[in-house]
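Participant: run_9.cif (mmCIF, C-alpha atoms, pLDDT in the B column; chains and numbers go by the auth columns) pasted underneath:
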data_entry
loop_
_atom_site.group_PDB
_atom_site.id
_atom_site.type_symbol
_atom_site.label_atom_id
_atom_site.label_comp_id
_atom_site.label_asym_id
_atom_site.label_seq_id
_atom_site.Cartn_x
_atom_site.Cartn_y
_atom_site.Cartn_z
_atom_site.B_iso_or_equiv
_atom_site.auth_seq_id
_atom_site.auth_asym_id
ATOM 1 C CA MET A 1 55.724 -131.604 -269.262 42.00 560 A
ATOM 2 C CA ALA A 2 54.721 -131.851 -272.913 55.00 561 A
ATOM 3 C CA ASP A 3 56.271 -128.456 -273.676 71.00 562 A
ATOM 4 C CA ASN A 4 59.579 -129.620 -272.177 78.00 563 A
ATOM 5 C CA GLN A 5 59.620 -133.102 -273.730 85.00 564 A
ATOM 6 C CA TRP A 6 63.027 -132.377 -275.295 87.00 565 A
ATOM 7 C CA VAL A 7 64.535 -132.621 -271.794 91.00 566 A
ATOM 8 C CA ARG A 8 63.732 -136.370 -271.516 91.00 567 A
ATOM 9 C CA GLU A 9 66.112 -137.408 -274.306 91.00 568 A
ATOM 10 C CA TYR A 10 68.625 -134.545 -274.105 93.00 569 A
ATOM 11 C CA LYS A 11 72.182 -135.939 -274.242 93.00 570 A
ATOM 12 C CA ALA A 12 73.078 -134.886 -270.702 96.00 571 A
ATOM 13 C CA SER A 13 72.111 -136.053 -267.257 97.00 572 A
ATOM 14 C CA ILE A 14 69.580 -133.614 -265.775 97.00 573 A
ATOM 15 C CA MET A 15 68.231 -133.890 -262.232 97.00 574 A
ATOM 16 C CA VAL A 16 66.057 -131.346 -260.411 97.00 575 A
ATOM 17 C CA CYS A 17 65.595 -131.065 -256.656 97.00 576 A
ATOM 18 C CA ASP A 18 63.647 -128.666 -254.474 97.00 577 A
ATOM 19 C CA ALA A 19 65.164 -126.326 -251.871 95.00 578 A
ATOM 20 C CA GLN A 20 65.106 -129.096 -249.232 95.00 579 A
ATOM 21 C CA GLY A 21 66.909 -131.541 -251.545 96.00 580 A
ATOM 22 C CA THR A 22 63.950 -133.711 -252.578 97.00 581 A
ATOM 23 C CA ILE A 23 64.498 -135.050 -256.096 97.00 582 A
ATOM 24 C CA LEU A 24 61.620 -133.833 -258.271 97.00 583 A
ATOM 25 C CA GLU A 25 62.580 -134.931 -261.770 96.00 584 A
ATOM 26 C CA MET A 26 65.208 -136.820 -263.769 96.00 585 A
ATOM 27 C CA ASN A 27 65.704 -137.166 -267.500 96.00 586 A
ATOM 28 C CA GLU A 28 66.743 -140.408 -269.212 96.00 587 A
ATOM 29 C CA GLY A 29 70.443 -139.539 -268.874 96.00 588 A
ATOM 30 C CA ALA A 30 70.125 -139.108 -265.104 97.00 589 A
ATOM 31 C CA GLU A 31 68.071 -142.281 -264.826 96.00 590 A
ATOM 32 C CA ALA A 32 70.838 -144.203 -266.622 94.00 591 A
ATOM 33 C CA GLY A 33 73.657 -142.464 -264.743 91.00 592 A
ATOM 34 C CA TYR A 34 72.085 -143.227 -261.377 91.00 593 A
ATOM 35 C CA ALA A 35 70.707 -146.664 -262.346 93.00 594 A
ATOM 36 C CA SER A 36 72.838 -148.478 -259.755 91.00 595 A
ATOM 37 C CA ASP A 37 71.338 -146.209 -257.077 91.00 596 A
ATOM 38 C CA GLY A 38 67.748 -146.797 -258.198 93.00 597 A
ATOM 39 C CA GLY A 39 67.416 -144.626 -261.315 93.00 598 A
ATOM 40 C CA ARG A 40 63.952 -143.100 -261.652 94.00 599 A
ATOM 41 C CA GLN A 41 63.001 -144.606 -258.267 96.00 600 A
ATOM 42 C CA LEU A 42 65.124 -141.842 -256.690 96.00 601 A
ATOM 43 C CA ILE A 43 62.364 -139.319 -257.440 97.00 602 A
ATOM 44 C CA GLY A 44 60.956 -138.358 -254.046 97.00 603 A
ATOM 45 C CA ALA A 45 64.181 -139.269 -252.228 96.00 604 A
ATOM 46 C CA ASN A 46 66.412 -136.639 -250.690 96.00 605 A
ATOM 47 C CA VAL A 47 69.617 -135.963 -252.608 93.00 606 A
ATOM 48 C CA LEU A 48 71.460 -135.607 -249.277 93.00 607 A
ATOM 49 C CA ASP A 49 70.735 -139.265 -248.488 92.00 608 A
ATOM 50 C CA CYS A 50 72.406 -140.267 -251.772 86.00 609 A
ATOM 51 C CA HIS A 51 75.808 -138.717 -250.978 86.00 610 A
ATOM 52 C CA PRO A 52 78.512 -139.629 -248.445 90.00 611 A
ATOM 53 C CA GLU A 53 80.762 -137.032 -246.831 93.00 612 A
ATOM 54 C CA PRO A 54 82.259 -134.656 -247.842 92.00 613 A
ATOM 55 C CA SER A 55 79.779 -134.374 -250.761 88.00 614 A
ATOM 56 C CA ARG A 56 76.803 -134.314 -248.380 92.00 615 A
ATOM 57 C CA THR A 57 78.131 -131.240 -246.542 93.00 616 A
ATOM 58 C CA GLN A 58 78.854 -129.514 -249.885 90.00 617 A
ATOM 59 C CA LEU A 59 75.268 -130.167 -251.006 90.00 618 A
ATOM 60 C CA GLU A 60 73.857 -128.905 -247.685 93.00 619 A
ATOM 61 C CA GLN A 61 75.805 -125.674 -248.166 93.00 620 A
ATOM 62 C CA MET A 62 74.579 -125.324 -251.761 91.00 621 A
ATOM 63 C CA LEU A 63 70.966 -125.864 -250.710 92.00 622 A
ATOM 64 C CA GLY A 64 71.339 -123.382 -247.869 91.00 623 A
ATOM 65 C CA THR A 65 73.086 -120.612 -249.798 92.00 624 A
ATOM 66 C CA GLY A 66 71.757 -121.077 -253.336 91.00 625 A
ATOM 67 C CA GLN A 67 75.292 -120.736 -254.707 93.00 626 A
ATOM 68 C CA PRO A 68 76.183 -122.721 -257.849 95.00 627 A
ATOM 69 C CA HIS A 69 78.839 -125.423 -257.838 93.00 628 A
ATOM 70 C CA VAL A 70 80.700 -126.223 -261.073 95.00 629 A
ATOM 71 C CA TYR A 71 83.490 -128.756 -261.541 95.00 630 A
ATOM 72 C CA THR A 72 84.831 -131.524 -263.764 95.00 631 A
ATOM 73 C CA ILE A 73 85.341 -135.196 -262.993 94.00 632 A
ATOM 74 C CA GLU A 74 86.608 -138.265 -264.781 93.00 633 A
ATOM 75 C CA LYS A 75 84.620 -141.474 -264.442 89.00 634 A
ATOM 76 C CA ARG A 76 85.617 -144.716 -266.174 89.00 635 A
ATOM 77 C CA GLY A 77 87.890 -142.724 -268.502 92.00 636 A
ATOM 78 C CA GLN A 78 85.166 -140.224 -269.493 93.00 637 A
ATOM 79 C CA LYS A 79 85.643 -136.553 -268.625 95.00 638 A
ATOM 80 C CA LYS A 80 82.452 -134.842 -267.444 96.00 639 A
ATOM 81 C CA LEU A 81 81.328 -131.331 -266.576 97.00 640 A
ATOM 82 C CA VAL A 82 79.081 -131.154 -263.504 96.00 641 A
ATOM 83 C CA TYR A 83 77.031 -127.952 -263.336 97.00 642 A
ATOM 84 C CA GLN A 84 74.824 -127.520 -260.284 96.00 643 A
ATOM 85 C CA ALA A 85 72.905 -124.251 -260.201 96.00 644 A
ATOM 86 C CA PRO A 86 69.797 -122.882 -258.485 97.00 645 A
ATOM 87 C CA TRP A 87 66.432 -122.595 -260.223 96.00 646 A
ATOM 88 C CA TYR A 88 63.684 -120.148 -259.354 96.00 647 A
ATOM 89 C CA ALA A 89 59.893 -120.152 -259.327 96.00 648 A
ATOM 90 C CA GLU A 90 58.251 -116.727 -259.488 96.00 649 A
ATOM 91 C CA GLY A 91 61.577 -115.131 -258.559 95.00 650 A
ATOM 92 C CA ARG A 92 62.078 -117.258 -255.435 95.00 651 A
ATOM 93 C CA TYR A 93 64.836 -119.812 -254.933 95.00 652 A
ATOM 94 C CA ALA A 94 63.219 -123.212 -255.485 96.00 653 A
ATOM 95 C CA GLY A 95 66.105 -125.707 -255.535 96.00 654 A
ATOM 96 C CA PHE A 96 68.875 -126.958 -257.773 96.00 655 A
ATOM 97 C CA VAL A 97 69.317 -128.350 -261.255 97.00 656 A
ATOM 98 C CA GLU A 98 72.265 -130.650 -261.828 96.00 657 A
ATOM 99 C CA MET A 99 73.468 -131.132 -265.390 97.00 658 A
ATOM 100 C CA VAL A 100 76.259 -133.576 -266.188 97.00 659 A
ATOM 101 C CA LEU A 101 77.712 -133.413 -269.702 97.00 660 A
ATOM 102 C CA ASP A 102 80.272 -135.735 -271.258 96.00 661 A
ATOM 103 C CA LEU A 103 83.349 -133.825 -272.439 96.00 662 A
ATOM 104 C CA PRO A 104 85.630 -134.870 -275.284 94.00 663 A
ATOM 105 C CA ALA A 105 89.210 -135.808 -274.364 88.00 664 A
ATOM 106 C CA GLU A 106 90.445 -132.764 -276.285 91.00 665 A
ATOM 107 C CA MET A 107 88.289 -129.683 -276.465 90.00 666 A
ATOM 108 C CA PRO A 108 89.023 -126.348 -278.132 93.00 667 A
ATOM 109 C CA HIS A 109 88.916 -123.222 -276.000 91.00 668 A
ATOM 110 C CA PHE A 110 88.110 -119.887 -277.582 94.00 669 A
ATOM 111 C CA ILE A 111 88.595 -116.399 -276.199 95.00 670 A
ATOM 112 C CA ARG A 112 85.988 -114.072 -277.715 94.00 671 A
ATOM 113 C CA GLN A 113 86.581 -110.377 -277.989 92.00 672 A
ATOM 114 C CA GLY A 114 83.743 -107.904 -277.404 80.00 673 A
#
How does the structure come out when it is put into structure tokens?

Facilitator:
Amino acid sequence: MADNQWVREYKASIMVCDAQGTILEMNEGAEAGYASDGGRQLIGANVLDCHPEPSRTQLEQMLGTGQPHVYTIEKRGQKKLVYQAPWYAEGRYAGFVEMVLDLPAEMPHFIRQG
């Protein structure tokens, strides 16, 4: 992973799972964000086992269809963007990447023309 070392300290939570939901990799942000659930020890666990209903059913559908899921949450007063999207290996669906980014309380929105 030397070529992708930037991912370890990137200021977002990044978690990767395979098409069956097995957690393959986590960066430092994900390790910290999921520390109370085991942090880095979650690698090798199934993401489905980490979520209660109705989140578990949503994740099962995502894994089965390969459709992205994007939403915002607020946790302890911090707004966050959750972006869960499929990744591919040699053109074949291989699983999901979840990125969670902190959002500022106020954020500009631009409409670009062209």

Participant: A:Asn586: which residues within 9 Å, counting only C-alpha atoms, same-chain residues fewer than 6 positions away excluded, as a list in words?

Facilitator: Val566, Arg567, Glu568, Tyr569, Ala571, Ser572, Ile573, Met574 and Arg599 of chain A

Participant: Hey, can you check how far atom CA of A:Val641 sits from atom CA of A:Gly603?

Facilitator: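 Computed distance, atom CA of A:Val641 to atom CA of A:Gly603, equals 21.7 Å.
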
Participant: Just checking: using all atoms listed in the file, which residue out of A:Leu640, A:Asp596, A:Gly650, A:Pro645 ends up closest to A:Val575?

Facilitator: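 For A:Val575, the nearest of the candidates is A:Pro645.
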
Participant: List as a list in words the protein and nucleic acid residues near stretch 630-635 of chain A, meaning an atom at most 12 Å away when all atoms listed in the file are counted, but skip any in the same chain fewer than 6 places from it.

Facilitator: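 Close residues of stretch 630-635 of chain A: Gly592, Val641, Tyr642, Gln643, Ala644, Glu657, Met658, Val659, Leu660, Asp661, Leu662, Pro663 and Ala664 of chain A.
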
Participant: On this structure, which residues satisfy the PyMOL selection byres ((chain A and resi 622) around 9), written as a list in words?

Facilitator: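 With the PyMOL selection byres ((chain A and resi 622) around 9) on this model, the match is Asp577, Ala578, Gln579, Gly580, Gln617, Leu618, Glu619, Gln620, Met621, Gly623, Thr624, Gly625, Gln626, Pro645, Gly654 and Phe655 of chain A.
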
Participant: I need the residue nearest A:Glu665 from this list: A:Gln637, A:Asp608, A:Met585, A:Cys576. Use only C-alpha atoms for the distance.

Facilitator: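 With only C-alpha atoms as the atom set, the closest residue is A:Gln637.
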
Participant: Could you tell me which of A:Thr581, A:Ala589, A:Gly673, A:Met666 comes closest to A:Leu607 if we count all atoms listed in the file?

Facilitator: A:Thr581

Participant: What does the distance from atom CA of A:Gly588 to atom CA of A:Val656 come to in Å, to one decimal?

Facilitator: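 Value for the atom CA of A:Gly588-atom CA of A:Val656 distance: 13.6 Å.
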
Participant: In Å to one decimal, how far is atom CA of A:Trp646 from atom CA of A:Pro627?

Facilitator: 10.0 Å

Participant: Draw an axis-aligned box over all listed atoms of stretch 561-578 of chain A, pad each side with 8 Å, and write its centre and edge lengths in Å, one decimal, as lines of an AutoDock Vina configuration file.

Facilitator:
center_x = 63.9
center_y = -131.9
center_z = -263.6
size_x = 34.4
size_y = 27.1
size_z = 39.4
